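Heads up, the thing below is written out as C-alpha cells.
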Amino acid sequence: MTDAFRVPFNRPLFLGPELAAMETAMSSGALAGNGPFTHVCEAWLREYSGSAGALLVPSCTHALEMAAILINIGPGDEVIMPSWTFVSTANAFVLRGARPVFVDICPDTGNLDVRLIEAAITEKTRAIVPVHYGGVACDMASIMSIASQYGLWVIEDAAQALMSTWRDKPLGGIGHLGAFSFHATKNLTSAGEGGALLINDPALLARAELIREKGTDRAAFLRGEANSYEWKDIGSSYLPSECQAAALSAQLEVAQVVTQRRLDIWERYQEALSADCQLSGVSLLRVPGGCSHNAHLFTIKVPDGRRRANLQQRLADAGVEAVSHYVPLHSTSAGRRYGKVAGRMEVTDCLAESLLRLPLYYSLADTEQDFVIDRVKDGLKRL
C-alpha cells in the first residue's frame, strides 16, 4: 500500500479560479459583505431556484436560525423534523425556546416519513422541517399539503441538496423558506464555510434583510432607499465576508459541471457494487421517481452494526476512509432534554447502526474510485 492510494472520505472542492476571485475581493477594499460578489451569488441563487429572494449567510446553521426568527418561533412552540439530521436543524429552533418533535424516516431514502407527520401535530405545532438527506428529495407534495391543511410553515433543510430537484422544482425553493450549506463537506463551498437562505414567500423578504443586518435597515440604506439606517427588529450578524462570496461565485459558474462529475462517480459506484451488495445482504438507498439528485452521498446499508464496523475497519486498513453518519438527535443527551419523540424511531436507529458512506467528491480520480470499489468488494465477501 502506497500513500498515493490512500483515499480520504472527502476533499473540499477547489478549482483554481476561486483564488483570483478572492484576490479581487481583497484588493477592492469591500470585504465586509453585501458587495459585488455577494450580489452575484444571490442573483444566481434566485434565478436557479425561482425564489423571491436569496440571502448569503455565514453557514446553513445561520440560515436556519434566521428562518426560525422570521416565522416568529418562540417558547412552547413545536417543530416537526427528523432525528436523522445534523444538530443545527434542531438547534435553530431550540435557541428560540421551541421543542423539536422527532419523527421517524423512510428506510429507502433516510428522509422524513410523511405518513407519520399528522400524528405528530399538536396545537403547539408551528412548522415542519423536511431534511433532503444526501440531496434526495422528500415527498414535498405530501408535506406541503399537510402544512396547508394545518396552517404550518415549511422550512426546507436543503443543506445537502443544491442542484437537486423534486418534480423539476429545485429543492430549497418549494417550502416557505429553504436553507443551503456551502461547508467544505458540501458539493460547492464558499472557502470552507457558508450558506444561503431562500425566501420563497415574498412577504418575508423585507424582514429577512433586517434580520441579516443585525436588525437594521442597512441594506435599504446602501441601495439609497433611506438617508440613514437604524435598529428596526431583532437580528444578528448573519452576513458573510466578500471573500467567502468570491470563492463561491467561482464555483457557482460551473455548478452543473461539478454536479455531472459527481453523478458520474455515483453511477459508477451504483453499477459496480449493486450486484455484490445484493449477494452480501447489503442494500443501497433509493432515489424515488420524480427526483433528480446531486450525488452528494453514496451510501451502503450493512445488516448490523457489528458487520458495518468490520467492513469499515477492513476498508481503513486497506487505505479507504469510509465513515458512518449522524448520532440520531433523539438518542443524544441534548435531544432528550430539548426535544421529544413522536412514535417509534426504529428506522432511524437502524440506519444509524448500519449506514456507511464511501468517498465521493469532484476530484476523485477513476483510479482511486477503482481502488475503493475493489476494496469494498473484497470487504463484502468477508461480512
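To be explicit about the labels: the chains of the C-alpha cells are called A, B, and onward in the order shown, and within each one the residues are counted from 1, while ligands get numbers from 1 in the order they are shown.
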Review point. If we count only C-alpha atoms, what is near Glu253 of chain A at a cut-off of 10 Å, once residues fewer than 4 positions away on the same chain are taken out, given as a ChimeraX atom specification?
Key: /A:41,44,248-249,257-258
Exercise for review: Mind checking which residues fall within 9 Å of Pro170 of chain A, counting only C-alpha atoms, ignoring those fewer than 5 positions away in the same chain, and posting them as number ranges by chain?
Suggested key: A: 48-50, 161-165
Those selected residues, please, written with all heavy atoms and delivered as an mmCIF file, in the first residue's frame.
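Produced file selection.cif, reproduced below:
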data_model
loop_
_atom_site.group_PDB
_atom_site.id
_atom_site.type_symbol
_atom_site.label_atom_id
_atom_site.label_comp_id
_atom_site.auth_asym_id
_atom_site.auth_seq_id
_atom_site.Cartn_x
_atom_site.Cartn_y
_atom_site.Cartn_z
ATOM 1 N N TYR A 48 -31.692 30.419 -10.198
ATOM 2 C CA TYR A 48 -31.690 28.960 -10.145
ATOM 3 C C TYR A 48 -32.954 28.417 -9.491
ATOM 4 O O TYR A 48 -33.580 27.478 -9.977
ATOM 5 C CB TYR A 48 -30.450 28.492 -9.370
ATOM 6 C CG TYR A 48 -30.570 27.114 -8.773
ATOM 7 C CD1 TYR A 48 -30.444 25.979 -9.557
ATOM 8 C CD2 TYR A 48 -30.833 26.956 -7.408
ATOM 9 C CE1 TYR A 48 -30.578 24.711 -9.006
ATOM 10 C CE2 TYR A 48 -30.964 25.699 -6.854
ATOM 11 C CZ TYR A 48 -30.835 24.581 -7.656
ATOM 12 O OH TYR A 48 -30.974 23.337 -7.116
ATOM 13 N N SER A 49 -33.344 29.023 -8.385
ATOM 14 C CA SER A 49 -34.434 28.468 -7.571
ATOM 15 C C SER A 49 -35.803 29.029 -7.902
ATOM 16 O O SER A 49 -36.824 28.415 -7.563
ATOM 17 C CB SER A 49 -34.147 28.727 -6.091
ATOM 18 O OG SER A 49 -34.170 30.123 -5.813
ATOM 19 N N GLY A 50 -35.839 30.198 -8.531
ATOM 20 C CA GLY A 50 -37.115 30.872 -8.745
ATOM 21 C C GLY A 50 -37.665 31.506 -7.488
ATOM 22 O O GLY A 50 -38.848 31.854 -7.417
ATOM 23 N N ALA A 161 -28.492 19.699 -0.652
ATOM 24 C CA ALA A 161 -29.350 19.472 -1.813
ATOM 25 C C ALA A 161 -29.265 20.495 -2.934
ATOM 26 O O ALA A 161 -30.119 20.490 -3.829
ATOM 27 C CB ALA A 161 -30.802 19.362 -1.345
ATOM 28 N N LEU A 162 -28.271 21.378 -2.952
ATOM 29 C CA LEU A 162 -28.159 22.292 -4.083
ATOM 30 C C LEU A 162 -27.961 21.496 -5.369
ATOM 31 O O LEU A 162 -27.155 20.566 -5.415
ATOM 32 C CB LEU A 162 -26.976 23.246 -3.894
ATOM 33 C CG LEU A 162 -26.826 24.311 -4.980
ATOM 34 C CD1 LEU A 162 -27.949 25.324 -4.900
ATOM 35 C CD2 LEU A 162 -25.476 25.007 -4.875
ATOM 36 N N MET A 163 -28.709 21.840 -6.404
ATOM 37 C CA MET A 163 -28.697 21.190 -7.718
ATOM 38 C C MET A 163 -29.541 19.923 -7.764
ATOM 39 O O MET A 163 -29.490 19.167 -8.743
ATOM 40 C CB MET A 163 -27.272 20.902 -8.209
ATOM 41 C CG MET A 163 -26.365 22.116 -8.232
ATOM 42 S SD MET A 163 -26.984 23.463 -9.272
ATOM 43 C CE MET A 163 -26.764 22.754 -10.908
ATOM 44 N N SER A 164 -30.318 19.675 -6.722
ATOM 45 C CA SER A 164 -31.272 18.562 -6.729
ATOM 46 C C SER A 164 -32.675 19.116 -6.935
ATOM 47 O O SER A 164 -32.968 20.255 -6.551
ATOM 48 C CB SER A 164 -31.230 17.795 -5.399
ATOM 49 O OG SER A 164 -29.990 17.158 -5.212
ATOM 50 N N THR A 165 -33.557 18.292 -7.514
ATOM 51 C CA THR A 165 -34.917 18.749 -7.774
ATOM 52 C C THR A 165 -35.944 17.704 -7.358
ATOM 53 O O THR A 165 -35.634 16.524 -7.206
ATOM 54 C CB THR A 165 -35.143 19.055 -9.271
ATOM 55 O OG1 THR A 165 -35.027 17.833 -10.025
ATOM 56 C CG2 THR A 165 -34.137 20.061 -9.793
#
Exercise for review: Assign secondary structure with DSSP using the backbone only, and return the residues of segment 56-214 of chain A in strand (DSSP E) as a PyMOL selection string.
Suggested key: chain A and resi 56-57+78-82+99-103+125-128+153-157+165-166+169-170+177-181+195-199
How about saving the chosen residues, N, CA, C and O atoms kept, as a compact mmCIF listing (two decimals), in the first residue's frame?
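The resulting file, part_26.txt, is shown below:
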# COMPACT_ATOMS: atom_id res chain seq x y z
N LEU A 56 -27.15 35.37 1.14
CA LEU A 56 -25.99 34.64 1.61
C LEU A 56 -25.83 34.85 3.11
O LEU A 56 -26.07 35.95 3.62
N VAL A 57 -25.41 33.80 3.80
CA VAL A 57 -25.19 33.84 5.24
C VAL A 57 -23.91 33.06 5.55
O VAL A 57 -23.40 32.33 4.69
N GLU A 78 -43.73 23.94 18.85
CA GLU A 78 -43.17 22.64 18.45
C GLU A 78 -42.90 22.66 16.95
O GLU A 78 -43.66 23.25 16.17
N VAL A 79 -41.81 22.01 16.57
CA VAL A 79 -41.39 21.96 15.17
C VAL A 79 -41.08 20.51 14.82
O VAL A 79 -40.24 19.87 15.46
N ILE A 80 -41.76 19.98 13.81
CA ILE A 80 -41.60 18.59 13.41
C ILE A 80 -40.41 18.45 12.47
O ILE A 80 -40.27 19.22 11.51
N MET A 81 -39.57 17.46 12.73
CA MET A 81 -38.36 17.24 11.93
C MET A 81 -37.88 15.81 12.13
O MET A 81 -38.30 15.13 13.08
N PRO A 82 -36.99 15.33 11.27
CA PRO A 82 -36.38 14.03 11.52
C PRO A 82 -35.32 14.13 12.61
O PRO A 82 -34.75 15.20 12.84
N ARG A 99 -39.56 23.36 20.88
CA ARG A 99 -39.22 21.95 21.10
C ARG A 99 -39.25 21.20 19.77
O ARG A 99 -40.29 21.16 19.10
N PRO A 100 -38.13 20.60 19.38
CA PRO A 100 -38.15 19.72 18.20
C PRO A 100 -38.98 18.47 18.50
O PRO A 100 -38.87 17.90 19.58
N VAL A 101 -39.79 18.08 17.55
CA VAL A 101 -40.56 16.84 17.65
C VAL A 101 -40.02 15.90 16.58
O VAL A 101 -40.18 16.15 15.38
N PHE A 102 -39.39 14.82 17.03
CA PHE A 102 -38.68 13.94 16.12
C PHE A 102 -39.62 12.86 15.58
O PHE A 102 -40.32 12.18 16.34
N VAL A 103 -39.60 12.71 14.26
CA VAL A 103 -40.43 11.73 13.56
C VAL A 103 -39.51 10.79 12.79
O VAL A 103 -38.46 11.20 12.29
N THR A 125 -47.86 22.89 17.36
CA THR A 125 -47.02 22.74 16.17
C THR A 125 -47.07 24.00 15.32
O THR A 125 -48.13 24.52 15.01
N ARG A 126 -45.89 24.47 14.93
CA ARG A 126 -45.80 25.68 14.10
C ARG A 126 -45.18 25.42 12.73
O ARG A 126 -45.44 26.19 11.79
N ALA A 127 -44.35 24.40 12.62
CA ALA A 127 -43.61 24.23 11.36
C ALA A 127 -43.20 22.77 11.17
O ALA A 127 -43.13 21.98 12.12
N ILE A 128 -42.92 22.45 9.91
CA ILE A 128 -42.32 21.17 9.53
C ILE A 128 -41.00 21.48 8.85
O ILE A 128 -40.92 22.39 8.01
N TRP A 153 -45.85 26.34 8.75
CA TRP A 153 -44.74 26.74 7.90
C TRP A 153 -43.94 25.51 7.47
O TRP A 153 -43.86 24.53 8.22
N VAL A 154 -43.31 25.60 6.30
CA VAL A 154 -42.38 24.56 5.85
C VAL A 154 -41.03 25.21 5.57
O VAL A 154 -40.93 26.13 4.75
N ILE A 155 -40.02 24.74 6.29
CA ILE A 155 -38.65 25.21 6.10
C ILE A 155 -37.83 24.03 5.60
O ILE A 155 -37.62 23.06 6.33
N GLU A 156 -37.37 24.10 4.37
CA GLU A 156 -36.58 23.00 3.81
C GLU A 156 -35.14 23.10 4.30
O GLU A 156 -34.46 24.10 4.05
N ASP A 157 -34.67 22.05 4.96
CA ASP A 157 -33.25 21.94 5.25
C ASP A 157 -32.64 21.25 4.02
O ASP A 157 -32.61 20.03 3.91
N THR A 165 -33.56 18.29 -7.51
CA THR A 165 -34.92 18.75 -7.77
C THR A 165 -35.94 17.70 -7.36
O THR A 165 -35.63 16.52 -7.21
N TRP A 166 -37.17 18.18 -7.18
CA TRP A 166 -38.34 17.33 -6.97
C TRP A 166 -39.38 17.78 -8.00
O TRP A 166 -39.80 18.94 -8.00
N LYS A 169 -38.63 20.91 -9.70
CA LYS A 169 -38.53 22.10 -8.87
C LYS A 169 -37.28 22.01 -8.00
O LYS A 169 -37.09 21.01 -7.30
N PRO A 170 -36.42 23.03 -8.00
CA PRO A 170 -35.21 22.97 -7.19
C PRO A 170 -35.53 22.84 -5.70
O PRO A 170 -36.39 23.56 -5.18
N LEU A 177 -39.51 28.63 3.14
CA LEU A 177 -38.11 29.03 3.27
C LEU A 177 -37.24 27.81 2.99
O LEU A 177 -37.68 26.67 3.17
N GLY A 178 -36.01 28.06 2.55
CA GLY A 178 -35.07 26.96 2.31
C GLY A 178 -33.67 27.35 2.71
O GLY A 178 -33.28 28.52 2.58
N ALA A 179 -32.91 26.39 3.21
CA ALA A 179 -31.56 26.66 3.71
C ALA A 179 -30.54 25.77 3.00
O ALA A 179 -30.72 24.56 2.92
N PHE A 180 -29.48 26.39 2.47
CA PHE A 180 -28.37 25.69 1.82
C PHE A 180 -27.11 25.79 2.66
O PHE A 180 -26.93 26.74 3.43
N SER A 181 -26.21 24.82 2.46
CA SER A 181 -24.89 24.86 3.08
C SER A 181 -23.82 24.89 2.00
O SER A 181 -23.92 24.21 0.99
N GLY A 195 -23.42 29.59 3.66
CA GLY A 195 -24.78 29.11 3.48
C GLY A 195 -25.62 30.16 2.79
O GLY A 195 -25.14 31.25 2.43
N ALA A 196 -26.88 29.82 2.59
CA ALA A 196 -27.83 30.76 1.99
C ALA A 196 -29.22 30.45 2.48
O ALA A 196 -29.56 29.29 2.75
N LEU A 197 -30.01 31.50 2.61
CA LEU A 197 -31.43 31.36 2.95
C LEU A 197 -32.24 31.77 1.73
O LEU A 197 -32.10 32.89 1.23
N LEU A 198 -33.08 30.85 1.25
CA LEU A 198 -34.03 31.18 0.18
C LEU A 198 -35.33 31.63 0.81
O LEU A 198 -35.87 30.95 1.69
N ILE A 199 -35.85 32.75 0.35
CA ILE A 199 -37.13 33.27 0.84
C ILE A 199 -38.13 33.09 -0.29
O ILE A 199 -38.12 33.83 -1.29
Practice item. Check the DSSP output for the backbone and give back, as a VMD selection string, the residues of segment 147-311 of chain A in helix (DSSP H, G or I). Key: chain A and resid 147 to 150 202 to 212 218 to 222 242 to 252 255 to 279 305 to 311
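Excluding segment 211-217 of chain A and any residue on its chain fewer than 6 positions from it, the residues at most 7 Å away by only C-alpha atoms are A:Met66, A:Tyr229, A:Glu230, A:Trp231, A:Lys232, A:Asp233, A:Ile234, A:Gly235, A:Ser236, A:Ser237, A:Tyr238, A:Leu239.
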Could the residues in this selection be written to a file with all heavy atoms, as a CSV table (one decimal), in the first residue's frame?
chain,number,residue,atom,x,y,z
A,66,MET,N,-32.1,32.1,11.1
A,66,MET,CA,-32.9,33.3,10.6
A,66,MET,C,-34.3,32.8,10.2
A,66,MET,O,-35.2,33.6,10.5
A,66,MET,CB,-32.2,33.8,9.3
A,66,MET,CG,-31.0,34.7,9.5
A,66,MET,SD,-30.4,35.4,8.0
A,66,MET,CE,-31.8,36.3,7.4
A,229,TYR,N,-29.5,54.5,8.5
A,229,TYR,CA,-30.1,53.2,8.9
A,229,TYR,C,-30.2,53.1,10.4
A,229,TYR,O,-29.4,53.7,11.1
A,229,TYR,CB,-29.4,52.0,8.3
A,229,TYR,CG,-28.0,51.8,8.7
A,229,TYR,CD1,-27.7,50.9,9.8
A,229,TYR,CD2,-26.9,52.4,8.0
A,229,TYR,CE1,-26.4,50.7,10.2
A,229,TYR,CE2,-25.6,52.1,8.4
A,229,TYR,CZ,-25.4,51.3,9.5
A,229,TYR,OH,-24.1,51.0,9.9
A,230,GLU,N,-31.2,52.4,10.9
A,230,GLU,CA,-31.4,52.3,12.3
A,230,GLU,C,-31.9,50.9,12.7
A,230,GLU,O,-32.2,50.1,11.9
A,230,GLU,CB,-32.5,53.4,12.7
A,230,GLU,CG,-33.8,53.1,12.0
A,230,GLU,CD,-34.8,54.2,12.4
A,230,GLU,OE1,-34.7,55.4,12.0
A,230,GLU,OE2,-35.8,53.8,13.1
A,231,TRP,N,-32.0,50.7,14.0
A,231,TRP,CA,-32.4,49.4,14.6
A,231,TRP,C,-33.9,49.3,14.4
A,231,TRP,O,-34.7,50.2,14.9
A,231,TRP,CB,-32.0,49.4,16.0
A,231,TRP,CG,-32.3,48.1,16.7
A,231,TRP,CD1,-32.5,46.9,16.1
A,231,TRP,CD2,-32.3,47.9,18.1
A,231,TRP,NE1,-32.7,45.9,17.1
A,231,TRP,CE2,-32.6,46.5,18.3
A,231,TRP,CE3,-32.2,48.7,19.2
A,231,TRP,CZ2,-32.7,45.9,19.6
A,231,TRP,CZ3,-32.2,48.1,20.5
A,231,TRP,CH2,-32.5,46.7,20.7
A,232,LYS,N,-34.4,48.3,13.7
A,232,LYS,CA,-35.8,48.1,13.4
A,232,LYS,C,-36.4,46.8,14.0
A,232,LYS,O,-37.6,46.7,14.2
A,232,LYS,CB,-36.0,48.0,11.8
A,232,LYS,CG,-35.6,49.2,11.1
A,232,LYS,CD,-36.7,50.3,11.1
A,232,LYS,CE,-36.4,51.4,10.1
A,232,LYS,NZ,-37.5,52.4,10.1
A,233,ASP,N,-35.6,45.8,14.2
A,233,ASP,CA,-36.1,44.5,14.6
A,233,ASP,C,-35.0,43.7,15.3
A,233,ASP,O,-33.8,44.2,15.3
A,233,ASP,CB,-36.5,43.7,13.3
A,233,ASP,CG,-37.5,42.6,13.5
A,233,ASP,OD1,-37.6,42.1,14.7
A,233,ASP,OD2,-38.2,42.2,12.6
A,234,ILE,N,-35.3,42.5,15.8
A,234,ILE,CA,-34.2,41.7,16.3
A,234,ILE,C,-33.4,41.1,15.1
A,234,ILE,O,-33.9,41.0,14.0
A,234,ILE,CB,-34.7,40.5,17.2
A,234,ILE,CG1,-35.7,39.6,16.4
A,234,ILE,CG2,-35.4,41.1,18.4
A,234,ILE,CD1,-36.0,38.3,17.1
A,235,GLY,N,-32.2,40.7,15.3
A,235,GLY,CA,-31.4,40.2,14.3
A,235,GLY,C,-30.0,39.8,14.8
A,235,GLY,O,-29.8,39.9,16.0
A,236,SER,N,-29.1,39.5,13.9
A,236,SER,CA,-27.7,39.2,14.4
A,236,SER,C,-26.8,39.4,13.2
A,236,SER,O,-27.2,39.9,12.1
A,236,SER,CB,-27.6,37.8,14.9
A,236,SER,OG,-26.4,37.6,15.5
A,237,SER,N,-25.5,39.1,13.3
A,237,SER,CA,-24.6,39.3,12.3
A,237,SER,C,-24.6,38.1,11.3
A,237,SER,O,-23.8,37.1,11.5
A,237,SER,CB,-23.2,39.4,12.9
A,237,SER,OG,-22.2,39.8,11.9
A,238,TYR,N,-25.5,38.1,10.4
A,238,TYR,CA,-25.7,37.0,9.5
A,238,TYR,C,-25.2,37.2,8.1
A,238,TYR,O,-25.8,36.8,7.1
A,238,TYR,CB,-27.2,36.6,9.5
A,238,TYR,CG,-27.8,36.0,10.7
A,238,TYR,CD1,-29.0,36.5,11.3
A,238,TYR,CD2,-27.1,35.0,11.4
A,238,TYR,CE1,-29.5,35.9,12.4
A,238,TYR,CE2,-27.7,34.4,12.5
A,238,TYR,CZ,-28.8,34.9,13.0
A,238,TYR,OH,-29.4,34.3,14.2
A,239,LEU,N,-24.2,38.0,8.0
A,239,LEU,CA,-23.7,38.4,6.6
A,239,LEU,C,-22.2,37.8,6.5
A,239,LEU,O,-21.4,38.1,7.3
A,239,LEU,CB,-23.6,39.9,6.5
A,239,LEU,CG,-23.3,40.4,5.1
A,239,LEU,CD1,-24.4,40.0,4.1
A,239,LEU,CD2,-23.2,41.9,5.1
Exercise for review: Determine, counting only C-alpha atoms, which protein, DNA and RNA residues have an atom within 12 Å of an atom of Tyr150 of chain A; residues of the same chain fewer than 2 positions away are not included. Present the result as a PyMOL selection string.
Suggested key: chain A and resi 117-118+120-128+143-148+152-154
Check your understanding: So which residues touch Val94 of chain A within 12 Å, counting only C-alpha atoms, skipping near sequence neighbours fewer than 2 positions away, as a list in words?
Key ->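 In the requested format, the answer is Leu64, Glu65, Ala68, Ile69, Ile73, Gly74, Pro75, Gly76, Asp77, Glu78, Val79, Val87, Ser88, Thr89, Ala90, Asn91, Ala92, Arg96, Gly97, Ala98, Arg99, Pro100, Val101, Ala334, Gly335, Arg337, Tyr338, Gly339 and Lys340 of chain A.
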**Study point:** Residues near Gln256 of chain A, cut-off 10 Å, only C-alpha atoms, skip fewer than 5 positions along chain, as a ChimeraX atom specification
**Key:** /A:163,251,261-262,294
List as a tab-separated table every residue of segment 12-38 of chain A that is in contact with segment 356-366 of chain A, defined as an atom at most 12 Å from one of its atoms (using only C-alpha atoms), together with the nearest atom pair and the distance in Å rounded to one decimal, sorted by chain and then rising number.
residue	atom	partner	partner_atom	distance
A:Pro12	CA	A:Tyr361	CA	7.7
A:Leu13	CA	A:Tyr362	CA	6.6
A:Phe14	CA	A:Ser363	CA	8.6
A:Leu15	CA	A:Ser363	CA	9.3
Revision key, fill the gap. Of A:Leu222, A:Ala159, A:Leu383, A:Ala30, the one nearest to Cys277 of chain A when counting only C-alpha atoms is A:Leu383
Point to revise | For segment 279-289 of chain A: contacts at 10 Å, only C-alpha atoms, fewer than 3 positions along chain excluded, given as a PyMOL selection string | key: chain A and resi 106-110+134-139+166-167+270+273-276+292-293+297-304+308+354-355+377+379-383
Point to revise | Top pick for closest residue to Val347 of chain A, considering A:Ala54, A:Ile105, A:Leu210, A:Val323 and counting only C-alpha atoms | key: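 Under the stated criterion, the closest residue is A:Ile105.
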Point to revise | Option closest in space to Leu171 of chain A, from A:Val341, A:Gly192, A:Tyr133, A:Thr185 [counting only C-alpha atoms] | key: A:Tyr133
Practice item. Tell me, in Å to one decimal, how far atom CA of Arg115 of chain A is from atom CA of Gly175 of chain A. Key: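 Those two atoms sit 18.2 Å apart.
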